[in-house]
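**Student:** See run-v3.cif below, with mmCIF, C-alpha atoms and all ligand atoms.
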```
data_data
loop_
_atom_site.label_atom_id
_atom_site.label_comp_id
_atom_site.auth_asym_id
_atom_site.auth_seq_id
_atom_site.Cartn_x
_atom_site.Cartn_y
_atom_site.Cartn_z
CA MET A 1 -7.54 -14.79 -22.60
CA LYS A 2 -4.49 -12.67 -21.89
CA ASN A 3 -3.19 -15.37 -19.57
CA VAL A 4 -3.68 -18.07 -22.21
CA PHE A 5 -1.65 -15.95 -24.61
CA SER A 6 1.13 -15.54 -22.07
CA ILE A 7 1.27 -19.24 -21.34
CA VAL A 8 1.27 -20.16 -25.03
CA SER A 9 3.94 -17.61 -25.88
CA ALA A 10 6.05 -18.65 -22.92
CA PHE A 11 5.80 -22.24 -24.08
CA ALA A 12 6.69 -21.27 -27.63
CA LEU A 13 9.65 -19.32 -26.37
CA THR A 14 10.83 -22.32 -24.38
CA LEU A 15 10.69 -24.50 -27.48
CA VAL A 16 12.52 -21.97 -29.60
CA LEU A 17 15.25 -21.54 -27.03
CA ALA A 18 15.50 -25.28 -26.47
CA SER A 19 16.19 -25.87 -30.11
CA GLY A 20 18.95 -23.28 -29.99
CA GLN A 21 17.17 -20.86 -32.36
CA VAL A 22 17.29 -17.85 -30.09
CA GLY A 23 16.60 -14.39 -31.47
CA ALA A 24 19.01 -12.03 -33.16
CA GLN A 25 20.07 -10.56 -29.81
CA SER A 26 21.18 -13.92 -28.45
CA PRO A 27 24.84 -14.18 -27.55
CA PRO A 28 27.10 -16.72 -29.27
CA ALA A 29 27.07 -20.22 -27.81
CA SER A 30 30.17 -19.56 -25.73
CA ALA A 31 29.03 -16.20 -24.35
CA PRO A 32 26.77 -17.33 -21.51
CA ALA A 33 29.62 -19.23 -19.93
CA ALA A 34 31.65 -16.09 -19.55
CA ALA A 35 28.75 -13.85 -18.60
CA ILE A 36 26.84 -16.15 -16.30
CA PRO A 37 28.30 -18.50 -13.75
CA ALA A 38 27.26 -22.14 -13.63
CA VAL A 39 23.92 -23.29 -12.24
CA GLN A 40 24.21 -24.88 -8.82
CA ALA A 41 24.64 -28.63 -8.81
CA ALA A 42 21.50 -30.53 -7.84
CA PRO A 43 21.58 -31.75 -4.24
CA ALA A 44 21.61 -35.47 -3.70
CA ASP A 45 18.38 -35.31 -1.70
CA ALA A 46 15.60 -34.85 -4.25
CA ARG A 47 13.26 -33.25 -1.67
CA ALA A 48 15.69 -30.38 -1.22
CA VAL A 49 15.32 -29.45 -4.89
CA LYS A 50 11.69 -28.50 -4.33
CA SER A 51 12.53 -25.49 -2.22
CA GLN A 52 15.64 -24.51 -4.10
CA ASN A 53 15.68 -21.66 -6.57
CA ILE A 54 16.93 -23.22 -9.79
CA PHE A 55 18.10 -19.82 -11.06
CA GLU A 56 20.34 -19.19 -8.10
CA VAL A 57 23.92 -19.50 -9.28
CA LYS A 58 27.23 -19.91 -7.59
CA PRO A 59 29.49 -16.91 -7.94
CA ASP A 60 32.40 -19.15 -8.87
CA ALA A 61 31.81 -21.07 -12.11
CA SER A 62 35.09 -22.94 -11.70
CA GLN A 63 33.39 -25.18 -9.14
CA GLU A 64 31.83 -27.07 -12.04
CA PRO A 65 34.58 -27.02 -14.66
CA GLY A 66 33.32 -27.31 -18.17
CA TYR A 67 29.59 -27.63 -17.54
CA ALA A 68 28.86 -23.95 -17.94
CA ALA A 69 30.60 -23.83 -21.30
CA GLN A 70 28.57 -26.65 -22.78
CA THR A 71 26.12 -25.87 -25.55
CA ASN A 72 22.71 -27.49 -25.75
CA GLY A 73 24.03 -30.00 -28.25
CA GLU A 74 27.02 -31.00 -26.12
CA ARG A 75 24.95 -31.20 -22.95
CA ALA A 76 22.33 -33.33 -24.71
CA LYS A 77 24.98 -35.98 -25.45
CA VAL A 78 26.38 -36.24 -21.89
CA GLN A 79 23.19 -35.56 -19.96
CA PRO A 80 20.13 -36.06 -22.17
CA GLY A 81 17.19 -33.95 -21.03
CA ASN A 82 19.34 -31.51 -19.09
CA ASN A 83 18.88 -28.19 -20.83
CA ALA A 84 20.73 -25.98 -18.36
CA PRO A 85 22.50 -23.97 -21.10
CA MET A 86 19.10 -22.93 -22.45
CA TRP A 87 17.99 -21.83 -18.98
CA ARG A 88 21.20 -19.86 -18.59
CA GLN A 89 20.35 -18.01 -21.78
CA VAL A 90 16.79 -17.47 -20.58
CA GLY A 91 18.15 -16.17 -17.29
CA SER A 92 20.42 -13.72 -19.07
CA GLY A 93 17.39 -11.97 -20.56
CA VAL A 94 17.72 -13.36 -24.07
CA THR A 95 14.62 -12.58 -26.09
CA GLY A 96 12.72 -15.05 -28.21
CA TYR A 97 9.66 -15.01 -30.41
CA SER A 98 6.29 -13.99 -29.07
CA SER A 99 3.05 -13.38 -30.98
CA LEU A 100 2.00 -10.72 -28.46
CA PRO A 101 1.97 -7.17 -29.82
CA LYS A 102 4.98 -5.28 -28.46
CA ASP A 103 3.02 -2.14 -27.56
CA GLN A 104 0.52 -4.11 -25.48
CA ALA A 105 2.88 -6.58 -23.87
CA PRO A 106 6.24 -5.10 -22.96
CA GLU A 107 8.98 -7.71 -22.60
CA ALA A 108 6.69 -10.22 -24.34
CA GLY A 109 9.66 -12.10 -25.75
CA VAL A 110 11.48 -12.31 -22.42
CA LEU A 111 10.54 -15.52 -20.65
CA ILE A 112 11.94 -14.61 -17.24
CA GLN A 113 13.61 -11.50 -15.90
CA PRO A 114 17.39 -11.38 -16.21
CA PHE A 115 19.60 -12.06 -13.21
CA VAL A 116 20.42 -9.08 -11.03
CA GLN A 117 22.85 -8.56 -8.20
CA TYR A 118 21.79 -6.18 -5.47
CA PRO A 119 24.55 -4.69 -3.29
CA GLY A 120 25.57 -7.18 -0.65
CA SER A 121 23.39 -9.97 -1.99
CA ARG A 122 23.84 -12.98 -4.25
CA LEU A 123 23.24 -12.96 -7.97
CA THR A 124 19.56 -13.74 -8.27
CA ASN A 125 16.51 -13.49 -10.47
CA ALA A 126 14.69 -10.17 -10.03
CA GLY A 127 11.29 -11.85 -9.74
CA GLU A 128 12.64 -14.11 -7.01
CA ALA A 129 14.18 -11.12 -5.19
CA TRP A 130 10.79 -9.38 -5.27
CA ARG A 131 9.04 -12.52 -4.00
CA GLN A 132 11.51 -12.92 -1.16
CA THR A 133 11.20 -9.25 -0.16
CA ARG A 134 7.42 -9.59 -0.06
CA ASN A 135 7.31 -12.89 1.79
CA GLN A 136 10.26 -12.46 4.15
CA TRP A 137 9.96 -8.78 5.01
CA ILE A 138 6.73 -7.05 4.11
CA ILE A 139 4.30 -9.78 5.15
CA PRO A 140 5.81 -10.67 8.56
CA TYR A 141 6.93 -7.18 9.62
CA GLY A 142 3.95 -5.36 8.08
CA GLY A 143 1.50 -7.83 9.61
CA SER A 144 3.17 -7.50 13.01
CA LEU A 145 2.98 -3.71 12.83
CA VAL A 146 -0.76 -3.80 12.11
CA LEU A 147 -1.34 -6.24 14.98
CA ILE A 148 0.82 -4.21 17.38
CA ALA A 149 -1.10 -1.01 16.48
CA LEU A 150 -4.42 -2.81 16.95
CA GLY A 151 -3.28 -4.17 20.31
CA ALA A 152 -1.97 -0.76 21.42
CA LEU A 153 -5.29 0.93 20.60
CA GLY A 154 -7.21 -1.81 22.41
CA LEU A 155 -4.91 -1.45 25.43
CA PHE A 156 -5.28 2.34 25.35
CA TYR A 157 -9.06 2.08 25.26
CA TRP A 158 -9.04 -0.46 28.07
CA ARG A 159 -6.65 1.41 30.40
CA VAL A 160 -7.34 5.08 29.53
CA GLY A 161 -10.74 4.95 27.85
CA PRO A 162 -12.37 7.59 25.66
CA ILE A 163 -11.57 11.28 26.03
CA LYS A 164 -14.69 12.58 27.73
CA LEU A 165 -16.17 16.06 28.11
CA HIS A 166 -15.78 17.41 31.64
CA GLU A 167 -18.49 20.06 31.32
CA LYS A 168 -22.15 19.62 30.47
CA PRO A 169 -23.24 20.19 26.85
CA THR A 170 -24.74 23.65 26.41
CA GLY A 171 -27.14 22.71 23.63
CA ARG A 172 -25.67 25.50 21.50
CA MET A 173 -24.59 23.85 18.29
CA ILE A 174 -21.76 25.09 16.12
CA MET A 175 -21.26 24.11 12.53
CA ARG A 176 -17.93 22.31 12.24
CA PHE A 177 -18.15 20.71 8.79
CA THR A 178 -20.17 21.80 5.76
CA LEU A 179 -22.15 19.27 3.73
CA PHE A 180 -19.48 19.37 1.03
CA GLU A 181 -16.69 18.69 3.54
CA ARG A 182 -18.59 15.76 5.01
CA ALA A 183 -19.46 14.31 1.60
CA ALA A 184 -15.80 14.47 0.53
CA HIS A 185 -14.65 12.98 3.83
CA TRP A 186 -17.12 10.08 3.84
CA ALA A 187 -16.64 9.22 0.15
CA ASN A 188 -12.94 9.02 0.90
CA ALA A 189 -13.39 7.13 4.18
CA ILE A 190 -15.72 4.51 2.63
CA ALA A 191 -13.33 3.95 -0.30
CA PHE A 192 -10.45 3.72 2.19
CA CYS A 193 -12.24 1.08 4.26
CA ILE A 194 -12.98 -1.04 1.15
CA LEU A 195 -9.33 -0.72 0.08
CA ALA A 196 -7.92 -1.41 3.52
CA ILE A 197 -10.09 -4.46 4.21
CA SER A 198 -9.62 -5.97 0.74
CA GLY A 199 -5.90 -5.19 0.75
CA LEU A 200 -5.32 -6.69 4.19
CA ILE A 201 -7.23 -9.86 3.26
CA MET A 202 -5.34 -10.21 -0.02
CA ALA A 203 -2.02 -9.83 1.79
CA PHE A 204 -2.66 -11.65 5.07
CA GLY A 205 -5.91 -13.60 4.51
CA LYS A 206 -4.14 -16.84 3.71
CA PHE A 207 -2.91 -17.00 7.30
CA PHE A 208 -6.22 -16.50 9.09
CA LEU A 209 -9.05 -17.00 6.56
CA LEU A 210 -7.78 -19.71 4.23
CA PRO A 211 -7.55 -22.36 6.98
CA VAL A 212 -11.16 -21.61 7.98
CA MET A 213 -12.74 -21.10 4.53
CA GLY A 214 -10.90 -23.58 2.36
CA LEU A 215 -9.26 -22.98 -1.00
CA SER A 216 -12.25 -22.46 -3.32
CA LEU A 217 -14.17 -20.07 -1.08
CA PHE A 218 -11.02 -18.11 -0.28
CA GLY A 219 -10.17 -18.04 -3.99
CA TRP A 220 -13.55 -16.54 -4.84
CA LEU A 221 -13.36 -14.10 -1.97
CA THR A 222 -9.95 -12.76 -2.98
CA TYR A 223 -11.07 -12.60 -6.62
CA LEU A 224 -14.05 -10.44 -5.60
CA LEU A 225 -11.94 -8.32 -3.25
CA LYS A 226 -9.31 -7.75 -5.92
CA ASN A 227 -11.96 -6.32 -8.24
CA ALA A 228 -13.52 -4.26 -5.43
CA HIS A 229 -9.99 -2.96 -4.69
CA ASN A 230 -9.42 -1.98 -8.32
CA PHE A 231 -12.70 -0.05 -8.50
CA ALA A 232 -12.45 1.62 -5.07
CA GLY A 233 -8.89 2.77 -5.87
CA PRO A 234 -9.79 5.51 -8.38
CA VAL A 235 -12.71 6.67 -6.12
CA PHE A 236 -10.23 6.97 -3.28
CA ALA A 237 -7.75 8.82 -5.49
CA VAL A 238 -10.26 11.44 -6.63
CA SER A 239 -11.88 11.92 -3.20
CA LEU A 240 -8.48 12.14 -1.52
CA LEU A 241 -7.47 15.00 -3.78
CA ILE A 242 -10.74 16.77 -2.91
CA VAL A 243 -10.13 16.13 0.82
CA ILE A 244 -6.60 17.54 0.53
CA ILE A 245 -7.78 20.70 -1.24
CA THR A 246 -10.75 21.12 1.14
CA PHE A 247 -8.83 20.79 4.40
CA VAL A 248 -5.36 22.07 3.50
CA ARG A 249 -5.92 25.65 4.69
CA ASP A 250 -6.88 24.70 8.22
CA ASN A 251 -4.01 22.23 8.45
CA LEU A 252 -1.27 24.79 7.78
CA PRO A 253 1.16 25.08 10.70
CA ALA A 254 0.04 27.58 13.36
CA LYS A 255 1.51 29.17 16.49
CA GLY A 256 0.35 26.74 19.17
CA ASP A 257 1.20 23.55 17.24
CA LEU A 258 4.70 23.03 18.66
CA SER A 259 3.55 23.37 22.24
CA TRP A 260 0.66 20.96 21.48
CA VAL A 261 3.19 18.36 20.26
CA LEU A 262 5.60 18.95 23.16
CA LYS A 263 2.79 18.45 25.69
CA GLY A 264 1.40 15.45 23.77
CA GLY A 265 -1.80 17.42 23.25
CA GLY A 266 -2.25 17.46 27.01
CA MET A 267 -5.06 14.99 26.46
CA LEU A 268 -3.76 12.50 28.98
CA GLY A 269 -3.26 15.08 31.68
CA GLY A 270 -6.85 16.37 31.65
CA GLU A 271 -6.60 19.89 30.16
CA GLU A 272 -6.19 19.80 26.41
CA VAL A 273 -3.77 22.28 24.85
CA LYS A 274 -5.72 25.00 23.03
CA SER A 275 -5.82 24.56 19.25
CA GLY A 276 -7.37 26.03 16.13
CA ARG A 277 -9.83 24.22 13.89
CA PHE A 278 -7.48 21.22 13.78
CA ASN A 279 -4.87 20.37 16.40
CA ALA A 280 -1.23 19.46 15.73
CA GLY A 281 -2.00 15.73 15.97
CA GLU A 282 -4.62 16.05 13.25
CA LYS A 283 -2.17 18.09 11.18
CA ILE A 284 0.46 15.36 11.46
CA VAL A 285 -2.08 12.82 10.19
CA PHE A 286 -3.08 15.24 7.44
CA TRP A 287 0.44 15.91 6.13
CA GLY A 288 1.97 12.50 6.87
CA GLY A 289 -0.99 10.19 6.26
CA VAL A 290 -3.38 11.97 3.91
CA PHE A 291 -0.94 14.03 1.86
CA LEU A 292 2.38 12.16 1.73
CA LEU A 293 1.36 8.52 2.14
CA GLY A 294 -1.93 9.16 0.31
CA LEU A 295 -0.16 10.41 -2.80
CA ILE A 296 2.42 7.60 -2.72
CA VAL A 297 -0.31 4.99 -2.29
CA ILE A 298 -2.35 6.48 -5.14
CA GLY A 299 0.65 6.87 -7.46
CA SER A 300 1.83 3.28 -6.97
CA GLY A 301 -1.76 1.98 -7.17
CA LEU A 302 -2.34 3.74 -10.48
CA VAL A 303 0.84 2.16 -11.85
CA MET A 304 -0.42 -1.29 -10.83
CA ASP A 305 -3.82 -0.56 -12.42
CA LYS A 306 -1.90 0.51 -15.57
CA LEU A 307 -3.70 3.84 -15.50
CA ILE A 308 -0.72 6.12 -16.06
CA PRO A 309 -0.31 6.69 -19.79
CA GLY A 310 3.11 6.39 -21.37
CA LEU A 311 4.61 4.12 -18.71
CA GLY A 312 6.34 0.90 -19.86
CA TYR A 313 4.69 -1.44 -17.31
CA GLU A 314 7.57 -3.87 -17.42
CA ARG A 315 7.96 -6.53 -14.76
CA GLY A 316 10.51 -4.46 -12.82
CA THR A 317 8.19 -1.43 -12.80
CA MET A 318 5.29 -3.50 -11.46
CA GLN A 319 7.46 -5.12 -8.78
CA LEU A 320 8.75 -1.77 -7.58
CA ALA A 321 5.23 -0.29 -7.61
CA HIS A 322 3.98 -3.28 -5.63
CA LEU A 323 6.66 -2.94 -2.95
CA VAL A 324 6.14 0.82 -2.61
CA HIS A 325 2.35 0.31 -2.52
CA SER A 326 2.53 -2.37 0.19
CA VAL A 327 4.89 -0.49 2.51
CA SER A 328 3.11 2.87 2.21
CA ASN A 329 -0.27 1.21 2.65
CA ILE A 330 0.69 -0.61 5.81
CA LEU A 331 1.94 2.69 7.27
CA MET A 332 -1.24 4.44 6.13
CA VAL A 333 -3.50 1.76 7.60
CA VAL A 334 -1.68 2.01 10.94
CA MET A 335 -1.98 5.81 10.93
CA PHE A 336 -5.67 5.72 10.05
CA MET A 337 -6.43 3.09 12.64
CA ALA A 338 -5.48 5.76 15.17
CA HIS A 339 -7.53 8.39 13.28
CA ILE A 340 -10.60 6.13 13.14
CA TYR A 341 -10.19 5.24 16.82
CA LEU A 342 -10.03 8.92 17.85
CA GLY A 343 -12.86 9.81 15.46
CA THR A 344 -15.22 7.17 16.87
CA VAL A 345 -14.95 5.51 20.30
CA GLY A 346 -11.81 7.41 21.34
CA THR A 347 -13.26 10.94 21.61
CA GLU A 348 -16.75 11.61 22.90
CA GLY A 349 -18.71 13.72 20.39
CA ALA A 350 -16.16 13.73 17.52
CA TYR A 351 -18.05 11.30 15.30
CA GLN A 352 -21.26 13.31 15.78
CA GLY A 353 -19.46 16.34 14.34
CA MET A 354 -18.44 14.55 11.15
CA LYS A 355 -21.86 12.85 10.86
CA THR A 356 -24.18 15.83 11.37
CA GLY A 357 -21.77 18.68 10.74
CA TYR A 358 -22.46 20.22 14.19
CA VAL A 359 -20.71 20.06 17.55
CA ASP A 360 -21.78 21.34 20.93
CA GLU A 361 -20.06 24.49 22.20
CA THR A 362 -18.69 22.50 25.15
CA TRP A 363 -17.01 20.08 22.74
CA ALA A 364 -15.53 22.97 20.74
CA LYS A 365 -14.24 24.60 23.95
CA ALA A 366 -12.66 21.36 25.18
CA HIS A 367 -10.96 20.34 21.94
CA HIS A 368 -10.56 23.39 19.70
CA ALA A 369 -10.73 26.44 21.98
CA LEU A 370 -8.92 28.82 19.57
CA TRP A 371 -11.28 27.82 16.77
CA LEU A 372 -14.27 28.52 19.04
CA GLU A 373 -12.84 31.97 19.83
CA ASP A 374 -12.54 32.68 16.09
CA VAL A 375 -16.10 31.53 15.50
CA LYS A 376 -17.43 33.69 18.35
CA SER A 377 -15.45 36.77 17.35
CA GLY A 378 -16.75 36.43 13.79
CA LYS A 379 -13.24 35.88 12.39
CA ILE A 380 -14.52 32.81 10.56
CA PRO A 381 -17.23 33.67 8.00
CA PRO A 382 -20.74 32.34 8.72
CA GLN A 383 -20.86 29.89 5.79
CA ARG A 384 -18.08 27.97 7.51
CA SER A 385 -19.31 28.30 11.09
CA ALA A 386 -22.91 29.16 11.81
CA THR A 387 -23.69 29.33 15.50
CA ALA A 388 -27.19 28.74 16.71
CA VAL A 389 -27.66 30.57 19.98
CA SER A 390 -31.10 29.04 20.28
CA GLY A 391 -29.56 25.60 20.53
CA GLN A 392 -30.91 24.54 17.12
CA PRO A 393 -28.46 23.83 14.34
CA VAL A 394 -28.38 26.50 11.65
CA GLN A 395 -28.32 25.33 8.05
CA VAL A 396 -26.10 27.42 5.82
C1 LIG B 401 -14.07 5.00 8.94
C2 LIG B 401 -13.15 5.87 8.75
C3 LIG B 401 -13.08 7.27 9.30
C4 LIG B 401 -13.72 7.85 10.38
C5 LIG B 401 -14.69 7.21 11.33
C6 LIG B 401 -13.28 9.22 10.45
C7 LIG B 401 -13.69 10.14 11.38
C8 LIG B 401 -13.37 11.47 11.38
C9 LIG B 401 -13.87 12.46 12.30
C10 LIG B 401 -14.84 12.20 13.40
C11 LIG B 401 -13.31 13.64 11.98
C12 LIG B 401 -13.53 14.99 12.67
C13 LIG B 401 -12.42 15.31 13.64
C14 LIG B 401 -12.59 16.69 14.18
O1 LIG B 401 -13.71 17.15 14.31
O2 LIG B 401 -11.56 17.32 14.49
C15 LIG B 401 -12.45 13.41 10.85
C16 LIG B 401 -11.70 14.39 10.22
C17 LIG B 401 -10.92 14.19 9.15
N1 LIG B 401 -10.67 12.98 8.51
FE1 LIG B 401 -11.53 11.22 8.97
N2 LIG B 401 -12.39 9.44 9.43
C18 LIG B 401 -12.24 8.27 8.71
C19 LIG B 401 -11.43 8.06 7.63
C20 LIG B 401 -10.67 9.04 7.04
C21 LIG B 401 -9.82 8.83 5.89
C22 LIG B 401 -9.63 7.51 5.17
C23 LIG B 401 -9.23 10.01 5.61
C24 LIG B 401 -8.23 10.35 4.53
C25 LIG B 401 -7.42 9.52 3.96
C26 LIG B 401 -9.70 10.97 6.57
C27 LIG B 401 -9.33 12.28 6.59
C28 LIG B 401 -9.82 13.21 7.47
C29 LIG B 401 -9.47 14.61 7.45
C30 LIG B 401 -8.52 15.28 6.43
C31 LIG B 401 -10.17 15.21 8.49
C32 LIG B 401 -10.15 16.68 8.88
C33 LIG B 401 -9.22 16.86 10.01
C34 LIG B 401 -7.83 17.11 9.57
O3 LIG B 401 -7.62 17.69 8.51
O4 LIG B 401 -6.92 16.70 10.28
N3 LIG B 401 -10.57 10.35 7.41
N4 LIG B 401 -12.51 12.08 10.51
#
```
Translate this file's structure into structure tokens.

**Tutor:**
Amino acid sequence: MKNVFSIVSAFALTLVLASGQVGAQSPPASAPAAAIPAVQAAPADARAVKSQNIFEVKPDASQEPGYAAQTNGERAKVQPGNNAPMWRQVGSGVTGYSSLPKDQAPEAGVLIQPFVQYPGSRLTNAGEAWRQTRNQWIIPYGGSLVLIALGALGLFYWRVGPIKLHEKPTGRMIMRFTLFERAAHWANAIAFCILAISGLIMAFGKFFLLPVMGLSLFGWLTYLLKNAHNFAGPVFAVSLLIVIITFVRDNLPAKGDLSWVLKGGGMLGGEEVKSGRFNAGEKIVFWGGVFLLGLIVIGSGLVMDKLIPGLGYERGTMQLAHLVHSVSNILMVVMFMAHIYLGTVGTEGAYQGMKTGYVDETWAKAHHALWLEDVKSGKIPPQRSATAVSGQPVQV
């Protein structure tokens, strides 16, 4: 319904502008010529017009003497049907009539965004600039980054394989994650997977799914995924905040972190560098991926869902939010591909810890020796680390 309104109002606006009855803010008939350079002349080859941006303008209006200064009436006499002056007004951000309520539809009377000139670039329409940035930069470079990361993880698994335990499991189980911690983590992880899969298909699906599925099936799929994305977003936002609050204390910088980073964790060279409950690698993912990127992704996502009260939600705001959301999400997906790899097939026994809450003492000694020492010395209170000397997990 909203779309029908937009189309109808856009059409009405076109008619109003075409008849020269632009709103009170419209400049005098001669103004656009001075403010906006002439529209590029149509190329002789009609096929070329298809891919040309009609709102792109030449910086030097003198290349088409006189045309730019023509009013609709004058132009109609020399070139009937050519309403370039009207489009110049539209492109300058002139507002017209719209029946949409102003508080619900910001910029309702503006048919297209005004021209903008970014430093070092040509004068262009802001919507077109956004489209080009998405299609020429984010899609190819972002897609390549995801594929490179996927390939690198595959290569790593193939050549190096999973990080295995060198000693036999003792059977003594140590509580690593409470039920609450696991519930927060999995709620967040499931929401993340829904968001990542739906987001990646919406952005890149037309390259690998559309040719296989066809237009209608792909249309339905992306429609469903878009709705799944919109609902999983707020679940992710809330659970991420809980994850941040739950794990922040054990992710604060500690003494051995620098040496862990300098030695690359020591994981490739056999002996792992001793670490507390979480190692420096996990802390980097926590602060860079969960905290920083997580908050950026959530903030920009909430803008696109129009869930932040008091914001204008103009076209420019949505375009900026979309660009920020796409870039931060691609980085987050790449970071979490590594996290998911290490949390599943990449480290023997890690997934078990997050699934059941318990890890074997041998696992704790191999990966988080300082944490194990704290547990054994009683430095960590029992509700956060119950050891079962009998070999049976202890419920707390
Ligand atoms: C399918 C997806 C995921 C899997 C399989 C997975 C797996 C794991 C595993 C096994 C651990 C325990 C590591 C250890 O014992 O040291 C862990 C910890 C953790 N995960 Fe995930 N995870 C997933 C997604 C996520 C997501 C989406 C987030 C947040 C955006 C996240 C945030 C965390 C945090 C904060 C920790 C605690 C360690 C730390 O703070 O560095 N995980 N995950």

**Student:** Neighbours of range 242-253 of chain A within 9 Å (all atoms listed in the file; same-chain residues fewer than 2 positions away dropped), as a PyMOL selection string?

**Tutor:** chain A and resi 180-181+184-185+188+237-240+255-258+276-280+282-284+286-287+290-291

**Student:** Dig up all the protein and nucleic acid residues within 12 Å of (-3.7, 6.6, -13.2) in the file frame, using only C-alpha atoms, and format them as a compact mmCIF listing (two decimals) with C-alpha atoms, keeping the file's coordinate frame.

**Tutor:**
```txt
# COMPACT_ATOMS: atom_id res chain seq x y z
CA ASN A 230 -9.42 -1.98 -8.32
CA GLY A 233 -8.89 2.77 -5.87
CA PRO A 234 -9.79 5.51 -8.38
CA VAL A 235 -12.71 6.67 -6.12
CA PHE A 236 -10.23 6.97 -3.28
CA ALA A 237 -7.75 8.82 -5.49
CA VAL A 238 -10.26 11.44 -6.63
CA LEU A 295 -0.16 10.41 -2.80
CA VAL A 297 -0.31 4.99 -2.29
CA ILE A 298 -2.35 6.48 -5.14
CA GLY A 299 0.65 6.87 -7.46
CA SER A 300 1.83 3.28 -6.97
CA GLY A 301 -1.76 1.98 -7.17
CA LEU A 302 -2.34 3.74 -10.48
CA VAL A 303 0.84 2.16 -11.85
CA MET A 304 -0.42 -1.29 -10.83
CA ASP A 305 -3.82 -0.56 -12.42
CA LYS A 306 -1.90 0.51 -15.57
CA LEU A 307 -3.70 3.84 -15.50
CA ILE A 308 -0.72 6.12 -16.06
CA PRO A 309 -0.31 6.69 -19.79
CA GLY A 310 3.11 6.39 -21.37
CA LEU A 311 4.61 4.12 -18.71
```

**Student:** Could you state the separation of CA of Val110 in chain A and CA of Tyr97 in chain A in Å, given to one decimal place?

**Tutor:** 8.6 Å

**Student:** Between A:Val94, A:Ala149, A:Ala129, A:Ala84, single out the one closest to Ala338 in chain A, counting only C-alpha atoms.

**Tutor:**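 Comparing A:Val94, A:Ala149, A:Ala129, A:Ala84 against Ala338 in chain A, the winner is A:Ala149.
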
**Student:** Which residue is closest to ligand LIG 401 (chain B)? Choose from A:Thr95, A:Ser275, A:Gln136, A:Ser326 and count all atoms listed in the file.

**Tutor:**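 Between A:Thr95, A:Ser275, A:Gln136, A:Ser326, the residue approaching ligand LIG 401 (chain B) most closely is A:Ser275.
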
**Student:** In Å, how far is it from CA of Ala191 in chain A to atom C1 of ligand LIG 401 (chain B)?

**Tutor:**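 Calculated distance between CA of Ala191 in chain A and atom C1 of ligand LIG 401 (chain B) is 9.3 Å.
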
**Student:** Find, counting only C-alpha atoms, the residue in A:Gly349, A:Met213, A:Gly378, A:Met354 that gets nearest to Leu165 in chain A.

**Tutor:**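 Closest candidate: A:Gly349.
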
**Student:** Using all atoms listed in the file, which of A:Pro80, A:Gly281, A:Gly353, A:Gly120 sits nearest His339 in chain A?

**Tutor:**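 The shortest atom-to-atom distance to His339 in chain A comes from A:Gly281.
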
**Student:** CA of His367 in chain A and atom N3 of ligand LIG 401 (chain B) are how many Å apart?

**Tutor:** 17.6 Å

**Student:** So which one's closest to Asn329 in chain A, A:Gly161, A:Gly205, A:Pro140, A:Gly294? Using only C-alpha atoms, please.

**Tutor:**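 The answer is A:Gly294, which sits nearest to Asn329 in chain A.
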
**Student:** Could you name the residues that touch Arg134 in chain A at 12 Å or less, counting all atoms listed in the file, but leaving out those on the same chain fewer than 4 positions away, as a PyMOL selection string?

**Tutor:** chain A and resi 127-130+138-143+203-204+319-320+322-327

**Student:** I want to know what sits within 6 Å of Val273 in chain A, based on only C-alpha atoms, with residues of the same chain fewer than 3 positions away left out; could you give that as a ChimeraX atom specification?

**Tutor:** /A:260,265-266

**Student:** Keeping only C-alpha atoms, write the selected residues as a tab-separated table (two decimals), keeping the file's coordinate frame.

**Tutor:**
```
chain	number	residue	atom	x	y	z
A	260	TRP	CA	0.66	20.96	21.48
A	265	GLY	CA	-1.80	17.42	23.25
A	266	GLY	CA	-2.25	17.46	27.01
```

**Student:** Could you tell me which of A:Glu167, A:Trp363, A:Phe336, A:Gln113 comes closest to Arg88 in chain A if we count all atoms listed in the file?

**Tutor:**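 When distances to Arg88 in chain A are compared using all atoms listed in the file, the smallest one comes from A:Gln113.
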
**Student:** Within 12 Å of (-24.9, 12.8, 9.8), all atoms listed in the file: residues as a PyMOL selection string?

**Tutor:** chain A and resi 177-179+181-183+185-186+350-359
